[in-house]
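Student: run23.cif is the file, holding mmCIF, C-alpha atoms and all ligand atoms:
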data_query
#
loop_
_atom_site.group_PDB
_atom_site.id
_atom_site.type_symbol
_atom_site.label_atom_id
_atom_site.label_comp_id
_atom_site.auth_asym_id
_atom_site.auth_seq_id
_atom_site.Cartn_x
_atom_site.Cartn_y
_atom_site.Cartn_z
ATOM 1 C CA MET A 504 99.492 141.137 -58.177
ATOM 2 C CA SER A 505 103.122 140.883 -59.332
ATOM 3 C CA VAL A 506 105.184 139.421 -56.558
ATOM 4 C CA ARG A 507 108.903 138.860 -56.967
ATOM 5 C CA VAL A 508 110.497 136.262 -54.713
ATOM 6 C CA LEU A 509 114.140 135.783 -53.818
ATOM 7 C CA VAL A 510 115.156 132.247 -52.819
ATOM 8 C CA MET A 511 118.346 131.726 -50.849
ATOM 9 C CA GLY A 512 119.738 128.202 -50.549
ATOM 10 C CA ALA A 513 118.064 127.317 -53.854
ATOM 11 C CA THR A 514 120.227 124.235 -54.511
ATOM 12 C CA GLY A 515 119.250 122.613 -51.205
ATOM 13 C CA ALA A 516 116.330 120.326 -50.396
ATOM 14 C CA VAL A 517 114.005 123.090 -49.171
ATOM 15 C CA GLY A 518 115.345 125.831 -51.467
ATOM 16 C CA ALA A 519 114.992 123.751 -54.652
ATOM 17 C CA GLU A 520 111.403 122.937 -53.680
ATOM 18 C CA LEU A 521 110.745 126.620 -52.997
ATOM 19 C CA VAL A 522 111.889 127.410 -56.539
ATOM 20 C CA ARG A 523 109.658 124.618 -57.956
ATOM 21 C CA GLN A 524 106.618 125.863 -56.049
ATOM 22 C CA CYS A 525 107.287 129.542 -56.844
ATOM 23 C CA VAL A 526 107.477 128.999 -60.601
ATOM 24 C CA LYS A 527 104.185 127.046 -60.480
ATOM 25 C CA ASP A 528 102.459 129.731 -58.411
ATOM 26 C CA GLU A 529 100.417 132.151 -60.506
ATOM 27 C CA ARG A 530 100.578 134.793 -57.793
ATOM 28 C CA ILE A 531 104.332 135.012 -58.310
ATOM 29 C CA GLU A 532 105.640 136.928 -61.290
ATOM 30 C CA SER A 533 109.319 136.039 -61.021
ATOM 31 C CA VAL A 534 111.831 134.174 -58.910
ATOM 32 C CA VAL A 535 115.461 135.097 -58.292
ATOM 33 C CA ALA A 536 117.738 132.394 -56.893
ATOM 34 C CA LEU A 537 120.935 133.440 -55.173
ATOM 35 C CA SER A 538 123.343 130.527 -55.204
ATOM 36 C CA ARG A 539 127.012 129.595 -55.131
ATOM 37 C CA ARG A 540 126.446 127.176 -58.017
ATOM 38 C CA PRO A 541 124.063 126.845 -60.982
ATOM 39 C CA LEU A 542 120.641 125.261 -60.490
ATOM 40 C CA LYS A 543 119.735 121.982 -62.185
ATOM 41 C CA ASP A 544 116.502 123.277 -63.739
ATOM 42 C CA SER A 545 115.676 126.449 -65.646
ATOM 43 C CA HIS A 546 112.372 128.268 -66.174
ATOM 44 C CA SER A 547 111.249 131.444 -67.911
ATOM 45 C CA LYS A 548 110.175 132.905 -64.541
ATOM 46 C CA LEU A 549 113.502 132.056 -62.896
ATOM 47 C CA LYS A 550 116.688 134.101 -62.811
ATOM 48 C CA VAL A 551 119.742 132.544 -61.176
ATOM 49 C CA ILE A 552 122.506 134.685 -59.743
ATOM 50 C CA VAL A 553 125.635 132.672 -59.034
ATOM 51 C CA ARG A 554 128.089 134.336 -56.673
ATOM 52 C CA GLU A 555 130.821 133.570 -54.171
ATOM 53 C CA ASP A 556 130.332 136.485 -51.807
ATOM 54 C CA PHE A 557 127.452 136.051 -49.349
ATOM 55 C CA LEU A 558 128.552 138.854 -47.032
ATOM 56 C CA ASN A 559 128.453 141.871 -49.332
ATOM 57 C CA TYR A 560 125.532 142.574 -51.654
ATOM 58 C CA SER A 561 126.267 146.180 -52.705
ATOM 59 C CA ASP A 562 126.542 145.086 -56.350
ATOM 60 C CA LEU A 563 122.976 143.735 -56.193
ATOM 61 C CA ALA A 564 121.215 146.764 -54.684
ATOM 62 C CA GLU A 565 119.093 147.397 -57.788
ATOM 63 C CA GLU A 566 118.127 143.715 -58.136
ATOM 64 C CA LEU A 567 117.224 143.495 -54.453
ATOM 65 C CA SER A 568 115.124 146.670 -54.562
ATOM 66 C CA GLU A 569 112.650 144.768 -56.781
ATOM 67 C CA ILE A 570 112.220 141.845 -54.390
ATOM 68 C CA ASP A 571 108.944 141.665 -52.421
ATOM 69 C CA VAL A 572 109.576 138.460 -50.485
ATOM 70 C CA CYS A 573 112.707 136.560 -49.535
ATOM 71 C CA CYS A 574 112.433 132.870 -48.642
ATOM 72 C CA CYS A 575 115.676 131.899 -46.980
ATOM 73 C CA ALA A 576 116.628 128.218 -46.749
ATOM 74 C CA LEU A 577 120.366 128.829 -46.766
ATOM 75 C CA GLY A 578 122.033 126.844 -44.034
ATOM 76 C CA VAL A 579 124.050 123.832 -43.064
ATOM 77 C CA SER A 580 123.783 121.094 -40.533
ATOM 78 C CA GLN A 581 126.261 121.136 -37.674
ATOM 79 C CA VAL A 582 127.082 117.572 -38.719
ATOM 80 C CA GLN A 583 128.340 118.886 -42.071
ATOM 81 C CA VAL A 584 130.174 121.910 -40.652
ATOM 82 C CA PRO A 585 131.233 121.249 -37.044
ATOM 83 C CA ASP A 586 133.689 124.180 -36.875
ATOM 84 C CA PRO A 587 131.875 126.888 -34.803
ATOM 85 C CA LYS A 588 133.329 129.826 -36.766
ATOM 86 C CA GLN A 589 132.429 128.379 -40.136
ATOM 87 C CA TYR A 590 128.995 127.235 -38.938
ATOM 88 C CA THR A 591 128.263 130.732 -37.574
ATOM 89 C CA LEU A 592 129.513 132.407 -40.744
ATOM 90 C CA ILE A 593 127.075 130.444 -42.906
ATOM 91 C CA THR A 594 124.093 130.216 -40.545
ATOM 92 C CA LEU A 595 124.204 133.704 -39.045
ATOM 93 C CA ASP A 596 126.504 136.085 -40.933
ATOM 94 C CA TYR A 597 125.459 135.157 -44.470
ATOM 95 C CA VAL A 598 121.756 135.336 -43.590
ATOM 96 C CA VAL A 599 121.976 138.620 -41.666
ATOM 97 C CA ALA A 600 124.102 140.291 -44.363
ATOM 98 C CA ALA A 601 121.535 139.371 -47.032
ATOM 99 C CA ALA A 602 118.679 140.491 -44.778
ATOM 100 C CA LYS A 603 120.245 143.915 -44.169
ATOM 101 C CA ALA A 604 120.911 144.408 -47.876
ATOM 102 C CA LEU A 605 117.329 143.491 -48.755
ATOM 103 C CA LYS A 606 115.839 145.763 -46.119
ATOM 104 C CA SER A 607 117.922 148.738 -47.175
ATOM 105 C CA ALA A 608 117.052 148.126 -50.843
ATOM 106 C CA ASN A 609 113.302 147.822 -50.136
ATOM 107 C CA SER A 610 111.923 148.705 -46.714
ATOM 108 C CA ASP A 611 108.642 146.830 -47.457
ATOM 109 C CA VAL A 612 110.303 143.488 -48.133
ATOM 110 C CA ARG A 613 109.026 140.400 -46.273
ATOM 111 C CA PHE A 614 111.358 137.677 -45.045
ATOM 112 C CA CYS A 615 110.595 133.993 -44.365
ATOM 113 C CA PHE A 616 113.403 132.191 -42.579
ATOM 114 C CA VAL A 617 113.914 128.460 -42.105
ATOM 115 C CA SER A 618 115.288 128.112 -38.613
ATOM 116 C CA GLY A 619 114.717 124.814 -36.802
ATOM 117 C CA MET A 620 112.803 123.220 -33.946
ATOM 118 C CA GLY A 621 114.856 123.774 -30.801
ATOM 119 C CA ALA A 622 116.434 127.085 -31.839
ATOM 120 C CA ASP A 623 117.254 128.983 -28.655
ATOM 121 C CA GLU A 624 116.263 132.633 -28.758
ATOM 122 C CA SER A 625 117.872 133.208 -25.338
ATOM 123 C CA GLU A 626 121.163 132.660 -27.246
ATOM 124 C CA LYS A 627 122.503 130.781 -24.215
ATOM 125 C CA SER A 628 122.363 127.181 -25.363
ATOM 126 C CA SER A 629 125.564 125.166 -25.112
ATOM 127 C CA VAL A 630 124.524 123.418 -28.326
ATOM 128 C CA LEU A 631 126.051 125.402 -31.168
ATOM 129 C CA TRP A 632 123.262 125.066 -33.735
ATOM 130 C CA ARG A 633 120.523 125.922 -31.242
ATOM 131 C CA LYS A 634 122.360 129.052 -30.124
ATOM 132 C CA VAL A 635 123.335 130.257 -33.603
ATOM 133 C CA LYS A 636 119.873 129.701 -35.084
ATOM 134 C CA GLY A 637 118.475 131.643 -32.096
ATOM 135 C CA GLN A 638 120.923 134.463 -32.782
ATOM 136 C CA ALA A 639 119.918 134.524 -36.452
ATOM 137 C CA GLU A 640 116.228 134.693 -35.496
ATOM 138 C CA ASN A 641 116.861 137.590 -33.104
ATOM 139 C CA ARG A 642 118.947 139.599 -35.568
ATOM 140 C CA LEU A 643 116.254 139.090 -38.226
ATOM 141 C CA ARG A 644 113.549 140.285 -35.788
ATOM 142 C CA GLU A 645 115.572 143.455 -35.231
ATOM 143 C CA ILE A 646 115.804 144.043 -38.979
ATOM 144 C CA PHE A 647 112.283 143.125 -40.124
ATOM 145 C CA GLY A 648 109.930 143.418 -37.128
ATOM 146 C CA ASN A 649 106.518 142.126 -38.186
ATOM 147 C CA GLN A 650 107.623 141.625 -41.800
ATOM 148 C CA LEU A 651 109.379 138.446 -40.681
ATOM 149 C CA CYS A 652 108.101 134.894 -40.304
ATOM 150 C CA ILE A 653 110.323 132.308 -38.648
ATOM 151 C CA PHE A 654 109.769 128.657 -39.459
ATOM 152 C CA ARG A 655 110.837 126.066 -36.940
ATOM 153 C CA PRO A 656 110.465 122.719 -38.676
ATOM 154 C CA ALA A 657 111.666 119.465 -37.147
ATOM 155 C CA TYR A 658 112.807 116.734 -39.559
ATOM 156 C CA ILE A 659 112.198 117.811 -43.184
ATOM 157 C CA HIS A 660 111.926 114.862 -45.555
ATOM 158 C CA PRO A 661 113.164 115.711 -49.082
ATOM 159 C CA ILE A 662 110.332 114.804 -51.495
ATOM 160 C CA HIS A 663 112.772 115.278 -54.382
ATOM 161 C CA PRO A 664 116.165 113.816 -53.489
ATOM 162 C CA ARG A 665 118.937 116.326 -52.734
ATOM 163 C CA GLU A 666 121.494 116.813 -55.500
ATOM 164 C CA LYS A 667 124.158 116.288 -52.843
ATOM 165 C CA GLN A 668 123.001 113.285 -50.796
ATOM 166 C CA MET A 669 124.177 113.236 -47.177
ATOM 167 C CA TRP A 670 124.855 110.127 -45.102
ATOM 168 C CA HIS A 671 122.519 111.171 -42.298
ATOM 169 C CA GLU A 672 119.582 111.205 -44.739
ATOM 170 C CA TYR A 673 119.575 107.393 -44.652
ATOM 171 C CA PHE A 674 119.206 107.540 -40.883
ATOM 172 C CA TRP A 675 116.256 109.979 -41.002
ATOM 173 C CA LYS A 676 114.409 108.521 -44.012
ATOM 174 C CA PRO A 677 112.335 105.948 -42.029
ATOM 175 C CA PHE A 678 110.892 108.785 -39.910
ATOM 176 C CA PHE A 679 108.919 110.026 -42.937
ATOM 177 C CA GLY A 680 106.609 107.044 -42.458
ATOM 178 C CA LEU A 681 105.680 108.514 -39.078
ATOM 179 C CA LYS A 682 104.633 111.907 -40.469
ATOM 180 C CA ARG A 683 100.890 111.219 -40.106
ATOM 181 C CA PHE A 684 101.273 110.131 -36.513
ATOM 182 C CA MET A 685 103.877 112.679 -35.415
ATOM 183 C CA PRO A 686 102.983 115.964 -37.162
ATOM 184 C CA GLN A 687 104.961 117.899 -34.565
ATOM 185 C CA PHE A 688 108.210 116.089 -35.483
ATOM 186 C CA VAL A 689 108.124 115.339 -39.202
ATOM 187 C CA THR A 690 107.407 117.455 -42.271
ATOM 188 C CA ASP A 691 108.569 117.491 -45.887
ATOM 189 C CA THR A 692 110.031 119.928 -48.379
ATOM 190 C CA VAL A 693 106.762 120.482 -50.259
ATOM 191 C CA GLU A 694 104.870 121.270 -47.074
ATOM 192 C CA VAL A 695 107.553 123.686 -45.830
ATOM 193 C CA SER A 696 107.907 125.538 -49.113
ATOM 194 C CA LYS A 697 104.158 125.852 -49.745
ATOM 195 C CA ALA A 698 103.663 127.096 -46.189
ATOM 196 C CA MET A 699 106.427 129.695 -46.644
ATOM 197 C CA ILE A 700 104.899 130.975 -49.871
ATOM 198 C CA ASN A 701 101.373 131.126 -48.439
ATOM 199 C CA VAL A 702 102.496 132.943 -45.327
ATOM 200 C CA SER A 703 104.240 135.558 -47.441
ATOM 201 C CA PHE A 704 100.838 136.428 -48.984
ATOM 202 C CA ALA A 705 99.011 136.701 -45.661
ATOM 203 C CA ASP A 706 97.645 140.130 -44.689
ATOM 204 C CA GLU A 707 99.532 139.731 -41.452
ATOM 205 C CA MET A 708 102.332 137.163 -41.342
ATOM 206 C CA PRO A 709 102.518 134.924 -38.270
ATOM 207 C CA LYS A 710 105.658 135.644 -36.256
ATOM 208 C CA MET A 711 106.549 131.979 -35.954
ATOM 209 C CA VAL A 712 105.413 128.711 -37.503
ATOM 210 C CA HIS A 713 106.045 125.398 -35.757
ATOM 211 C CA ASN A 714 106.232 121.987 -37.387
ATOM 212 C CA ALA A 715 102.660 120.952 -36.568
ATOM 213 C CA GLU A 716 101.247 124.115 -38.215
ATOM 214 C CA LEU A 717 102.975 123.577 -41.560
ATOM 215 C CA ARG A 718 100.404 121.191 -42.993
ATOM 216 C CA THR A 719 97.495 123.587 -42.538
ATOM 217 C CA LEU A 720 99.444 126.539 -43.886
ATOM 218 C CA ALA A 721 100.665 124.530 -46.884
ATOM 219 C CA GLY A 722 97.106 123.423 -47.650
ATOM 220 C CA LYS A 723 96.017 126.989 -48.249
ATOM 221 C CA LEU A 724 97.911 127.089 -51.549
HETATM 222 N N1 LIG B 1 116.721 119.148 -43.401
HETATM 223 C C1 LIG B 1 116.146 119.152 -42.216
HETATM 224 O O1 LIG B 1 115.659 118.129 -41.711
HETATM 225 C C2 LIG B 1 116.043 120.453 -41.474
HETATM 226 C C3 LIG B 1 115.311 120.495 -40.288
HETATM 227 C C4 LIG B 1 115.174 121.705 -39.610
HETATM 228 C C5 LIG B 1 115.768 122.851 -40.116
HETATM 229 N N2 LIG B 1 116.489 122.772 -41.261
HETATM 230 C C6 LIG B 1 117.100 124.002 -41.777
HETATM 231 O O2 LIG B 1 116.511 124.307 -43.006
HETATM 232 C C7 LIG B 1 117.450 124.952 -43.868
HETATM 233 C C8 LIG B 1 117.427 124.242 -45.220
HETATM 234 O O3 LIG B 1 117.667 122.867 -44.997
HETATM 235 P P1 LIG B 1 117.963 121.889 -46.223
HETATM 236 O O4 LIG B 1 117.751 120.522 -45.689
HETATM 237 O O5 LIG B 1 117.229 122.359 -47.436
HETATM 238 O O6 LIG B 1 119.523 122.142 -46.415
HETATM 239 P P2 LIG B 1 120.439 121.695 -47.646
HETATM 240 O O7 LIG B 1 119.746 120.720 -48.517
HETATM 241 O O8 LIG B 1 121.746 121.294 -47.059
HETATM 242 O O9 LIG B 1 120.628 123.068 -48.462
HETATM 243 C C9 LIG B 1 121.309 124.156 -47.918
HETATM 244 C C10 LIG B 1 121.460 125.278 -48.913
HETATM 245 O O10 LIG B 1 122.364 126.263 -48.355
HETATM 246 C C11 LIG B 1 123.468 126.459 -49.256
HETATM 247 N N3 LIG B 1 124.730 126.654 -48.564
HETATM 248 C C12 LIG B 1 125.284 125.864 -47.625
HETATM 249 N N4 LIG B 1 126.501 126.300 -47.300
HETATM 250 C C13 LIG B 1 126.728 127.411 -48.065
HETATM 251 C C14 LIG B 1 127.825 128.301 -48.202
HETATM 252 N N5 LIG B 1 128.943 128.140 -47.488
HETATM 253 N N6 LIG B 1 127.711 129.309 -49.079
HETATM 254 C C15 LIG B 1 126.597 129.468 -49.815
HETATM 255 N N7 LIG B 1 125.520 128.642 -49.757
HETATM 256 C C16 LIG B 1 125.600 127.620 -48.886
HETATM 257 C C17 LIG B 1 123.544 125.149 -50.037
HETATM 258 O O11 LIG B 1 124.291 125.357 -51.224
HETATM 259 P P3 LIG B 1 125.079 124.102 -51.917
HETATM 260 O O12 LIG B 1 124.002 123.244 -52.505
HETATM 261 O O13 LIG B 1 125.940 124.755 -52.906
HETATM 262 O O14 LIG B 1 125.815 123.402 -50.801
HETATM 263 C C18 LIG B 1 122.071 124.845 -50.258
HETATM 264 O O15 LIG B 1 121.559 125.634 -51.290
HETATM 265 C C19 LIG B 1 118.787 124.900 -43.162
HETATM 266 O O16 LIG B 1 119.056 126.139 -42.570
HETATM 267 C C20 LIG B 1 118.575 123.856 -42.074
HETATM 268 O O17 LIG B 1 119.325 124.146 -40.909
HETATM 269 C C21 LIG B 1 116.630 121.615 -41.960
#
Translate the structure of the given file into structure tokens.
Ligand SMILES: NC(=O)c1ccc[n+]([C@@H]2O[C@H](COP(=O)([O-])OP(=O)(O)OC[C@H]3O[C@@H](n4cnc5c(N)ncnc54)[C@H](OP(=O)(O)O)[C@@H]3O)[C@@H](O)[C@H]2O)c1

Tutor:
Amino acid sequence: MSVRVLVMGATGAVGAELVRQCVKDERIESVVALSRRPLKDSHSKLKVIVREDFLNYSDLAEELSEIDVCCCALGVSQVQVPDPKQYTLITLDYVVAAAKALKSANSDVRFCFVSGMGADESEKSSVLWRKVKGQAENRLREIFGNQLCIFRPAYIHPIHPREKQMWHEYFWKPFFGLKRFMPQFVTDTVEVSKAMINVSFADEMPKMVHNAELRTLAGKL
């Protein structure tokens, strides 16, 4: 097997862990990280593409045609980017543009998307992040059908600290201690990334993975 994985959001808490787990995984031949800035670590299996444009990927058609699986952890918190237009651009438009480019470069590509617990697929929520994540999920379903797995984690504890620490991390940190007792509300970056990788190797990918299912899926690695 020679699987090539694309990681989007590779400088973030989940994305950086995805890269770590992918390079360790013998089932994966190579990893491409698409990022707006260089990654901290390098590896012989890892190729980093630094770019500014996350809406147009025509220059990468050949690169994308060789990708078997995309693990997408690109996103922002509404706390970081409260402006609705900017939040939608990053959370919806960037993700959908990449998804379309991947699908047209390789119709067999699989896509694993980190959404979030509470995403509203009716697209009617008055809470911006819930609505926009729901819109992203729906557009991705239209593009990939059953080659898509949506992950809806709750709080994701960063096992390796983020390069860019955020103030709200200090608020959430104590919740990690509750992970054993509240598996439906707390997970961590290792669990999420291992679960995403494992799911991408499944004969049939689940359509959606909720927080409480992550541990079992991660354990299959
Ligand atoms: N953390 C949680 O508790 C949690 C819970 C549920 C769902 N989620 C979702 O999971 C996903 C990953 O979360 P995370 O905690 O790993 O996020 P994170 O640490 O903030 O990382 C986000 C990634 O997206 C990239 N990104 C953000 N804005 C961008 C822009 N304008 N252009 C290009 N790249 C951009 C970041 O690049 P830079 O490093 O350059 O900024 C980074 O690589 C997000 O979609 C989030 O909504 C997170």

Student: Got a sec to resolve the PyMOL selection byres (((not hetatm)) within 7 of (chain B and resi 1)) on this structure and send the residues as a VMD selection string?

Tutor: chain A and resid 511 to 518 538 to 540 557 576 to 580 593 to 594 617 to 620 655 to 660 665 667

Student: Using all atoms listed in the file, pick whichever of A:Cys575, A:Leu537, A:Leu567, A:Ala721 has the shortest atom-to-atom distance to Glu555 of chain A.

Tutor: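 Among A:Cys575, A:Leu537, A:Leu567, A:Ala721, it is A:Leu537 that comes nearest to Glu555 of chain A.
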
Student: Could you write out as an mmCIF file with C-alpha atoms, in the coordinates of the input the residues that the PyMOL selection byres (((chain A and resi 632) around 12) and not hetatm) matches in the shown file?

Tutor:
data_model
loop_
_atom_site.group_PDB
_atom_site.id
_atom_site.type_symbol
_atom_site.label_atom_id
_atom_site.label_comp_id
_atom_site.auth_asym_id
_atom_site.auth_seq_id
_atom_site.Cartn_x
_atom_site.Cartn_y
_atom_site.Cartn_z
ATOM 1 C CA GLY A 578 122.033 126.844 -44.034
ATOM 2 C CA VAL A 579 124.050 123.832 -43.064
ATOM 3 C CA SER A 580 123.783 121.094 -40.533
ATOM 4 C CA GLN A 581 126.261 121.136 -37.674
ATOM 5 C CA VAL A 582 127.082 117.572 -38.719
ATOM 6 C CA GLN A 583 128.340 118.886 -42.071
ATOM 7 C CA VAL A 584 130.174 121.910 -40.652
ATOM 8 C CA PRO A 585 131.233 121.249 -37.044
ATOM 9 C CA ASP A 586 133.689 124.180 -36.875
ATOM 10 C CA PRO A 587 131.875 126.888 -34.803
ATOM 11 C CA LYS A 588 133.329 129.826 -36.766
ATOM 12 C CA GLN A 589 132.429 128.379 -40.136
ATOM 13 C CA TYR A 590 128.995 127.235 -38.938
ATOM 14 C CA THR A 591 128.263 130.732 -37.574
ATOM 15 C CA LEU A 592 129.513 132.407 -40.744
ATOM 16 C CA ILE A 593 127.075 130.444 -42.906
ATOM 17 C CA THR A 594 124.093 130.216 -40.545
ATOM 18 C CA LEU A 595 124.204 133.704 -39.045
ATOM 19 C CA SER A 618 115.288 128.112 -38.613
ATOM 20 C CA GLY A 619 114.717 124.814 -36.802
ATOM 21 C CA MET A 620 112.803 123.220 -33.946
ATOM 22 C CA GLY A 621 114.856 123.774 -30.801
ATOM 23 C CA ALA A 622 116.434 127.085 -31.839
ATOM 24 C CA ASP A 623 117.254 128.983 -28.655
ATOM 25 C CA GLU A 624 116.263 132.633 -28.758
ATOM 26 C CA GLU A 626 121.163 132.660 -27.246
ATOM 27 C CA LYS A 627 122.503 130.781 -24.215
ATOM 28 C CA SER A 628 122.363 127.181 -25.363
ATOM 29 C CA SER A 629 125.564 125.166 -25.112
ATOM 30 C CA VAL A 630 124.524 123.418 -28.326
ATOM 31 C CA LEU A 631 126.051 125.402 -31.168
ATOM 32 C CA ARG A 633 120.523 125.922 -31.242
ATOM 33 C CA LYS A 634 122.360 129.052 -30.124
ATOM 34 C CA VAL A 635 123.335 130.257 -33.603
ATOM 35 C CA LYS A 636 119.873 129.701 -35.084
ATOM 36 C CA GLY A 637 118.475 131.643 -32.096
ATOM 37 C CA GLN A 638 120.923 134.463 -32.782
ATOM 38 C CA ALA A 639 119.918 134.524 -36.452
#

Student: Name the closest residue to Ala698 of chain A among the candidates A:Gly680, A:Glu520, A:Ser568, A:Leu558; distances are taken between atoms, counting all atoms listed in the file.

Tutor: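 Of A:Gly680, A:Glu520, A:Ser568, A:Leu558, the one nearest Ala698 of chain A is A:Glu520, counting all atoms listed in the file.
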
Student: A:Asp691, A:Asp544, A:Asp571, A:Asp562: which is nearest Ser703 of chain A, counting only C-alpha atoms?

Tutor: A:Asp571

Student: Please provide as an NGL selection string all residues within 8 Å of Met708 of chain A, with the sequence filter that same-chain residues fewer than 6 positions apart are discarded (counting only C-alpha atoms).

Tutor: :A and (649-652 or 702)

Student: Suppose a student applies the PyMOL selection byres (((chain A and resi 704) around 12) and not hetatm) to this structure; what residues should they get, written as an mmCIF file with C-alpha atoms, keeping the file's coordinate frame?

Tutor:
data_model
loop_
_atom_site.group_PDB
_atom_site.id
_atom_site.type_symbol
_atom_site.label_atom_id
_atom_site.label_comp_id
_atom_site.auth_asym_id
_atom_site.auth_seq_id
_atom_site.Cartn_x
_atom_site.Cartn_y
_atom_site.Cartn_z
ATOM 1 C CA MET A 504 99.492 141.137 -58.177
ATOM 2 C CA SER A 505 103.122 140.883 -59.332
ATOM 3 C CA VAL A 506 105.184 139.421 -56.558
ATOM 4 C CA ARG A 507 108.903 138.860 -56.967
ATOM 5 C CA VAL A 508 110.497 136.262 -54.713
ATOM 6 C CA ASP A 528 102.459 129.731 -58.411
ATOM 7 C CA ARG A 530 100.578 134.793 -57.793
ATOM 8 C CA ILE A 531 104.332 135.012 -58.310
ATOM 9 C CA ASP A 571 108.944 141.665 -52.421
ATOM 10 C CA VAL A 572 109.576 138.460 -50.485
ATOM 11 C CA CYS A 573 112.707 136.560 -49.535
ATOM 12 C CA VAL A 612 110.303 143.488 -48.133
ATOM 13 C CA ARG A 613 109.026 140.400 -46.273
ATOM 14 C CA PHE A 614 111.358 137.677 -45.045
ATOM 15 C CA CYS A 615 110.595 133.993 -44.365
ATOM 16 C CA GLN A 650 107.623 141.625 -41.800
ATOM 17 C CA CYS A 652 108.101 134.894 -40.304
ATOM 18 C CA LYS A 697 104.158 125.852 -49.745
ATOM 19 C CA ALA A 698 103.663 127.096 -46.189
ATOM 20 C CA MET A 699 106.427 129.695 -46.644
ATOM 21 C CA ILE A 700 104.899 130.975 -49.871
ATOM 22 C CA ASN A 701 101.373 131.126 -48.439
ATOM 23 C CA VAL A 702 102.496 132.943 -45.327
ATOM 24 C CA SER A 703 104.240 135.558 -47.441
ATOM 25 C CA ALA A 705 99.011 136.701 -45.661
ATOM 26 C CA ASP A 706 97.645 140.130 -44.689
ATOM 27 C CA GLU A 707 99.532 139.731 -41.452
ATOM 28 C CA MET A 708 102.332 137.163 -41.342
ATOM 29 C CA PRO A 709 102.518 134.924 -38.270
ATOM 30 C CA LEU A 720 99.444 126.539 -43.886
ATOM 31 C CA LYS A 723 96.017 126.989 -48.249
ATOM 32 C CA LEU A 724 97.911 127.089 -51.549
#

Student: Identify which of the residues A:Ala602, A:Val535, A:Cys574, A:Ala519 lies closest to Asn559 of chain A, counting only C-alpha atoms when measuring atom-to-atom distances.

Tutor: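 Of all the options, A:Ala602 lies closest to Asn559 of chain A.
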